[in-house]
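First up is the structure itself, then whatever we jot down about it.
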Amino acid sequence: MKRELEYFFAALRFFTRLPVPAWVGHGQDQLNHAARYFPLIGILVGIIGAGVTELAALALPIGVAVLLGMAATILATGAFHEDGFADSCDGFGGGWDKAQVLTIMKDSRIGSYAALGVGLILLTKWSALTELDAGLGPPFLAIALVAGHAVSRLASTVLIYFLDYVRDDDSSKSKPLAQRMAPHELAVAALCGLAPCLLLPLAEVLTALAAVTLSTLLAARYFVRRIGGYTGDCLGAAQQLGEVAFYLGLLCSFT
């Protein structure tokens with residue numbers, strides 16, 4: 001049990017800016033097995049976003065409340081996944097071959113592809129969540145937020161399980177997560193990622209899960225075709241795309 005707690009807190013430290021107990025340490029083995037708790041971290045981040053959204057909605061219009069909830073999740077993670085999405089937009093948008101794509105991804109500067117990509121995906125996320133409040137109602141909006149964060153991180157975990165890590169250097173901050181996951185580790189991730197979906201209406205959540213599956217399959221196929229596998233930035237991109245796909249999938253049931 002202590003070992004599993006160490007894996008969980010290692011994931012919490014790696015994926016968020018939330019504090020962890022001092023006794024956890026910084027072992028390499030912890031990071032190698034942290035990916036199994038990626039979706040569970042998503043639940044915690046989603047709870048933060050949902051809590052801020054619901055509290056803000058008591059005094060502010062829902063559009064402003066949703067925006068504040070999104071800001072809270074970005075602060076909690078340090079824009080970890082948004083940064084990966086931005087780097088992926090620049091890399092795949094500006095690179096012609098694998099070497100160029102990987103080089104551009106490592107550049108800390110933000111290009112036009114990144115600026116447009118992040119702006120559009122955040123706007124889409126805000127619009128979808130605002131519409132979900134009208135379609136599902138306040139209680140289910142909070143659950144949808146938690147489920148969206150969990151399921152989208154499961155999508156990234158699936159990429160770790162099935163695809164190859166393509167960077168040869170050890171300088172990438174995501175290198176520790178590039179270890180091949182065992183089937184039981186993926187099962188833990190799936191359990192955590194899908195658990196919040198049980199609280200949503202069945203028809204709506206099945207549509208949403210289908211949308212996430214399609215988004216992840218298309219992203220995986222694109223990553224393999226362009227660079228032969230994934231990088232840490234690709235995982236962030238898959239998470240952002242999966243989260244938006246989940247919300248849009250829920251909305252499809254109301255149109």
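The chains in the structure tokens are called A, B, ... from first to last as shown; in each chain the residues are counted from 1, and the ligands are counted from 1 in the order shown.
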* Please provide as number ranges by chain all residues within 12 Å of Leu129 (chain A), with the sequence filter that same-chain residues fewer than 5 positions apart are discarded (counting only C-alpha atoms). => A: 49-50, 53, 62-70, 122-124, 134-138, 140-146, 148, 243-251
Kindly save the residues from that selection, with N, CA and C atoms included, as a compact mmCIF listing (two decimals), in the first residue's frame.
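Result written to again22.txt:
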```txt
# COMPACT_ATOMS: atom_id res chain seq x y z
N GLY A 49 -11.66 22.21 -10.53
CA GLY A 49 -12.36 23.02 -11.52
C GLY A 49 -13.85 23.08 -11.29
N ALA A 50 -14.44 21.93 -10.96
CA ALA A 50 -15.88 21.88 -10.71
C ALA A 50 -16.25 22.69 -9.48
N THR A 53 -16.08 26.37 -10.28
CA THR A 53 -17.18 26.73 -11.18
C THR A 53 -18.50 26.84 -10.42
N ILE A 62 -22.95 32.03 -15.66
CA ILE A 62 -22.32 30.74 -15.85
C ILE A 62 -21.09 30.83 -16.75
N GLY A 63 -21.13 31.73 -17.73
CA GLY A 63 -19.97 31.87 -18.61
C GLY A 63 -18.72 32.30 -17.86
N VAL A 64 -18.89 33.25 -16.93
CA VAL A 64 -17.77 33.70 -16.12
C VAL A 64 -17.34 32.60 -15.15
N ALA A 65 -18.30 31.89 -14.58
CA ALA A 65 -18.00 30.81 -13.65
C ALA A 65 -17.19 29.70 -14.32
N VAL A 66 -17.58 29.33 -15.53
CA VAL A 66 -16.86 28.31 -16.27
C VAL A 66 -15.43 28.75 -16.56
N LEU A 67 -15.28 30.01 -16.92
CA LEU A 67 -13.94 30.55 -17.21
C LEU A 67 -13.06 30.50 -15.96
N LEU A 68 -13.61 30.84 -14.82
CA LEU A 68 -12.85 30.78 -13.58
C LEU A 68 -12.49 29.34 -13.22
N GLY A 69 -13.40 28.42 -13.48
CA GLY A 69 -13.10 27.01 -13.23
C GLY A 69 -11.98 26.50 -14.12
N MET A 70 -12.00 26.90 -15.38
CA MET A 70 -10.92 26.52 -16.29
C MET A 70 -9.59 27.09 -15.82
N LEU A 122 -9.20 26.34 -26.05
CA LEU A 122 -9.76 26.86 -24.82
C LEU A 122 -11.13 27.49 -25.07
N LEU A 123 -11.28 28.17 -26.19
CA LEU A 123 -12.58 28.76 -26.53
C LEU A 123 -13.62 27.67 -26.77
N THR A 124 -13.22 26.59 -27.45
CA THR A 124 -14.14 25.48 -27.68
C THR A 124 -14.55 24.83 -26.36
N ALA A 134 -26.58 24.41 -19.72
CA ALA A 134 -27.97 24.55 -20.16
C ALA A 134 -28.59 23.20 -20.48
N GLY A 135 -27.78 22.25 -20.98
CA GLY A 135 -28.32 20.96 -21.40
C GLY A 135 -28.47 19.95 -20.27
N LEU A 136 -27.43 19.84 -19.44
CA LEU A 136 -27.45 18.86 -18.36
C LEU A 136 -27.88 19.44 -17.03
N GLY A 137 -27.64 20.72 -16.81
CA GLY A 137 -27.95 21.35 -15.54
C GLY A 137 -26.71 21.41 -14.66
N PRO A 138 -26.73 22.27 -13.62
CA PRO A 138 -25.57 22.50 -12.77
C PRO A 138 -24.97 21.24 -12.14
N PHE A 140 -24.88 18.12 -13.08
CA PHE A 140 -24.21 17.28 -14.06
C PHE A 140 -23.04 18.00 -14.74
N LEU A 141 -23.06 19.33 -14.75
CA LEU A 141 -21.92 20.06 -15.29
C LEU A 141 -20.68 19.76 -14.45
N ALA A 142 -20.83 19.77 -13.14
CA ALA A 142 -19.70 19.47 -12.26
C ALA A 142 -19.18 18.06 -12.49
N ILE A 143 -20.10 17.11 -12.62
CA ILE A 143 -19.69 15.72 -12.87
C ILE A 143 -19.02 15.59 -14.22
N ALA A 144 -19.56 16.29 -15.21
CA ALA A 144 -18.97 16.25 -16.55
C ALA A 144 -17.54 16.79 -16.53
N LEU A 145 -17.30 17.83 -15.75
CA LEU A 145 -15.95 18.38 -15.62
C LEU A 145 -14.99 17.35 -15.05
N VAL A 146 -15.39 16.69 -13.99
CA VAL A 146 -14.54 15.68 -13.36
C VAL A 146 -14.30 14.52 -14.33
N GLY A 148 -14.55 14.52 -17.61
CA GLY A 148 -13.77 14.94 -18.76
C GLY A 148 -12.29 14.96 -18.48
N GLU A 243 -10.31 15.80 -23.82
CA GLU A 243 -11.22 16.51 -22.93
C GLU A 243 -12.29 17.26 -23.72
N VAL A 244 -11.87 17.96 -24.76
CA VAL A 244 -12.84 18.68 -25.59
C VAL A 244 -13.77 17.71 -26.28
N ALA A 245 -13.24 16.59 -26.78
CA ALA A 245 -14.07 15.59 -27.44
C ALA A 245 -15.13 15.04 -26.49
N PHE A 246 -14.77 14.86 -25.23
CA PHE A 246 -15.73 14.36 -24.24
C PHE A 246 -16.90 15.33 -24.07
N TYR A 247 -16.58 16.60 -23.90
CA TYR A 247 -17.64 17.60 -23.72
C TYR A 247 -18.51 17.71 -24.98
N LEU A 248 -17.89 17.68 -26.14
CA LEU A 248 -18.65 17.77 -27.39
C LEU A 248 -19.52 16.53 -27.58
N GLY A 249 -19.00 15.38 -27.16
CA GLY A 249 -19.79 14.16 -27.24
C GLY A 249 -21.04 14.22 -26.39
N LEU A 250 -20.90 14.80 -25.18
CA LEU A 250 -22.07 14.98 -24.33
C LEU A 250 -23.08 15.91 -24.99
N LEU A 251 -22.58 16.96 -25.64
CA LEU A 251 -23.47 17.92 -26.27
C LEU A 251 -24.22 17.32 -27.45
```
* Within 9 Å of Asp164 (chain A), counting only C-alpha atoms, which residues show up once you throw out same-chain ones fewer than 5 positions away? Write them as a list in words, please. => Leu159, Ala178, Arg180, Val224, Gly228, Gly229, Tyr230 and Thr231 of chain A
* **Contact residues around Ala114 (chain A) with only C-alpha atoms at 9 Å, ignoring same-chain residues under 4 positions, as a list of chain:residue names** => A:Asp83, A:Phe85, A:Ala86, A:Asp87, A:Ser88, A:Cys89, A:Asp90, A:Gly91, A:Gly93, A:Ile110, A:Val118, A:Gly119
Please produce a file of those selected residues containing C-alpha atoms, as a compact mmCIF listing (two decimals), in the first residue's frame.
```
# COMPACT_ATOMS: atom_id res chain seq x y z
CA ASP A 83 1.85 23.64 -22.94
CA PHE A 85 -0.71 20.97 -26.88
CA ALA A 86 0.90 24.29 -27.83
CA ASP A 87 4.28 22.68 -28.56
CA SER A 88 2.54 19.99 -30.62
CA CYS A 89 0.74 22.61 -32.69
CA ASP A 90 4.02 24.38 -33.42
CA GLY A 91 5.94 21.16 -34.05
CA GLY A 93 2.43 22.69 -37.96
CA ILE A 110 5.43 30.17 -28.79
CA VAL A 118 -4.44 27.02 -27.62
CA GLY A 119 -6.79 29.94 -28.14
```
* If you run DSSP over the backbone, which residues in region 8-229 of chain A end up helix (DSSP H, G or I)? Put them as an MDAnalysis selection string. => chainID A and resid 8:15 22:24 28:32 34:57 62:77 80:94 98:106 112:136 138:162 175:178 183:199 202:227
* Which distance in Å separates CA of Thr216 (chain A) and CA of Ala128 (chain A), to one decimal? ->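 The value is 18.9 Å.
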* Would you mind reading off the distance between CA of Leu40 (chain A) and CA of Ala220 (chain A), one decimal, in Å? =>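 Rounded to one decimal, the two atoms are 22.1 Å apart.
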* Find the spatial neighbours of region 195-209 of chain A, counting only C-alpha atoms, within a cut-off of 6 Å - ignore same-chain residues fewer than 2 positions away - and output them as number ranges by chain. => A: 147, 191-193, 211-212, 246, 249-250, 253
* To do: Please provide as a PyMOL selection string all residues within 10 Å of Ala219 (chain A), with the sequence filter that same-chain residues fewer than 3 positions apart are discarded (counting only C-alpha atoms).
  => chain A and resi 159+213-216+222-225+230+234-235+237-238+241-242
Output file for the residues above (N, CA and C atoms, as an mmCIF file, in the first residue's frame):
```cif
data_model
loop_
_atom_site.group_PDB
_atom_site.id
_atom_site.type_symbol
_atom_site.label_atom_id
_atom_site.label_comp_id
_atom_site.auth_asym_id
_atom_site.auth_seq_id
_atom_site.Cartn_x
_atom_site.Cartn_y
_atom_site.Cartn_z
ATOM 1 N N LEU A 159 -1.975 5.979 -24.953
ATOM 2 C CA LEU A 159 -0.870 6.216 -25.890
ATOM 3 C C LEU A 159 0.444 5.685 -25.313
ATOM 4 N N THR A 213 -12.695 8.189 -27.879
ATOM 5 C CA THR A 213 -12.018 7.077 -28.542
ATOM 6 C C THR A 213 -11.608 7.461 -29.952
ATOM 7 N N LEU A 214 -12.509 8.084 -30.686
ATOM 8 C CA LEU A 214 -12.193 8.508 -32.048
ATOM 9 C C LEU A 214 -11.074 9.546 -32.047
ATOM 10 N N SER A 215 -11.151 10.507 -31.140
ATOM 11 C CA SER A 215 -10.120 11.529 -31.044
ATOM 12 C C SER A 215 -8.752 10.920 -30.755
ATOM 13 N N THR A 216 -8.715 9.952 -29.853
ATOM 14 C CA THR A 216 -7.444 9.328 -29.468
ATOM 15 C C THR A 216 -6.882 8.482 -30.600
ATOM 16 N N TYR A 222 -1.984 9.864 -36.325
ATOM 17 C CA TYR A 222 -1.250 11.021 -36.836
ATOM 18 C C TYR A 222 0.157 11.074 -36.253
ATOM 19 N N PHE A 223 0.276 10.840 -34.944
ATOM 20 C CA PHE A 223 1.597 10.865 -34.309
ATOM 21 C C PHE A 223 2.523 9.805 -34.904
ATOM 22 N N VAL A 224 1.988 8.611 -35.100
ATOM 23 C CA VAL A 224 2.805 7.523 -35.652
ATOM 24 C C VAL A 224 3.222 7.846 -37.088
ATOM 25 N N ARG A 225 2.307 8.400 -37.862
ATOM 26 C CA ARG A 225 2.626 8.718 -39.252
ATOM 27 C C ARG A 225 3.676 9.816 -39.353
ATOM 28 N N TYR A 230 5.202 8.782 -29.876
ATOM 29 C CA TYR A 230 4.743 9.939 -29.106
ATOM 30 C C TYR A 230 5.896 10.578 -28.338
ATOM 31 N N CYS A 234 3.014 15.260 -27.081
ATOM 32 C CA CYS A 234 1.901 14.544 -27.720
ATOM 33 C C CYS A 234 0.884 14.084 -26.682
ATOM 34 N N LEU A 235 1.376 13.683 -25.507
ATOM 35 C CA LEU A 235 0.461 13.269 -24.439
ATOM 36 C C LEU A 235 -0.403 14.447 -23.989
ATOM 37 N N ALA A 237 -1.194 17.014 -25.837
ATOM 38 C CA ALA A 237 -2.139 17.283 -26.925
ATOM 39 C C ALA A 237 -3.301 16.304 -26.900
ATOM 40 N N ALA A 238 -3.000 15.025 -26.679
ATOM 41 C CA ALA A 238 -4.055 14.008 -26.626
ATOM 42 C C ALA A 238 -5.013 14.268 -25.474
ATOM 43 N N LEU A 241 -7.253 17.329 -26.487
ATOM 44 C CA LEU A 241 -8.210 16.924 -27.512
ATOM 45 C C LEU A 241 -9.263 15.978 -26.947
ATOM 46 N N GLY A 242 -8.822 15.063 -26.090
ATOM 47 C CA GLY A 242 -9.765 14.122 -25.492
ATOM 48 C C GLY A 242 -10.766 14.799 -24.581
#
```
* Asked: Counting only C-alpha atoms, which of A:Ala72, A:Ala189, A:Val166, A:Met181 gets nearest to Gly232 (chain A)?
  -> A:Val166
Please identify all polymer residues within 9 Å of Leu194 (chain A), counting only C-alpha atoms, omitting same-chain residues fewer than 6 positions from it, and present them as a JSON list (two decimals) with C-alpha atoms, in the first residue's frame.
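Final output, saved to selection27.json:
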```json
[["chain", "number", "residue", "atom", "x", "y", "z"],
["A", 39, "PRO", "CA", -6.52, 9.58, -14.62],
["A", 147, "ALA", "CA", -15.25, 12.93, -15.90],
["A", 150, "ALA", "CA", -10.30, 11.81, -15.93],
["A", 151, "VAL", "CA", -11.22, 10.26, -19.29],
["A", 154, "LEU", "CA", -6.87, 7.94, -19.67]]
```
* Asked: Which of these, A:Gly236, A:Leu132, A:Ile74, A:Phe92, has the shortest distance to Leu18 (chain A) once you count only C-alpha atoms?
  -> A:Ile74
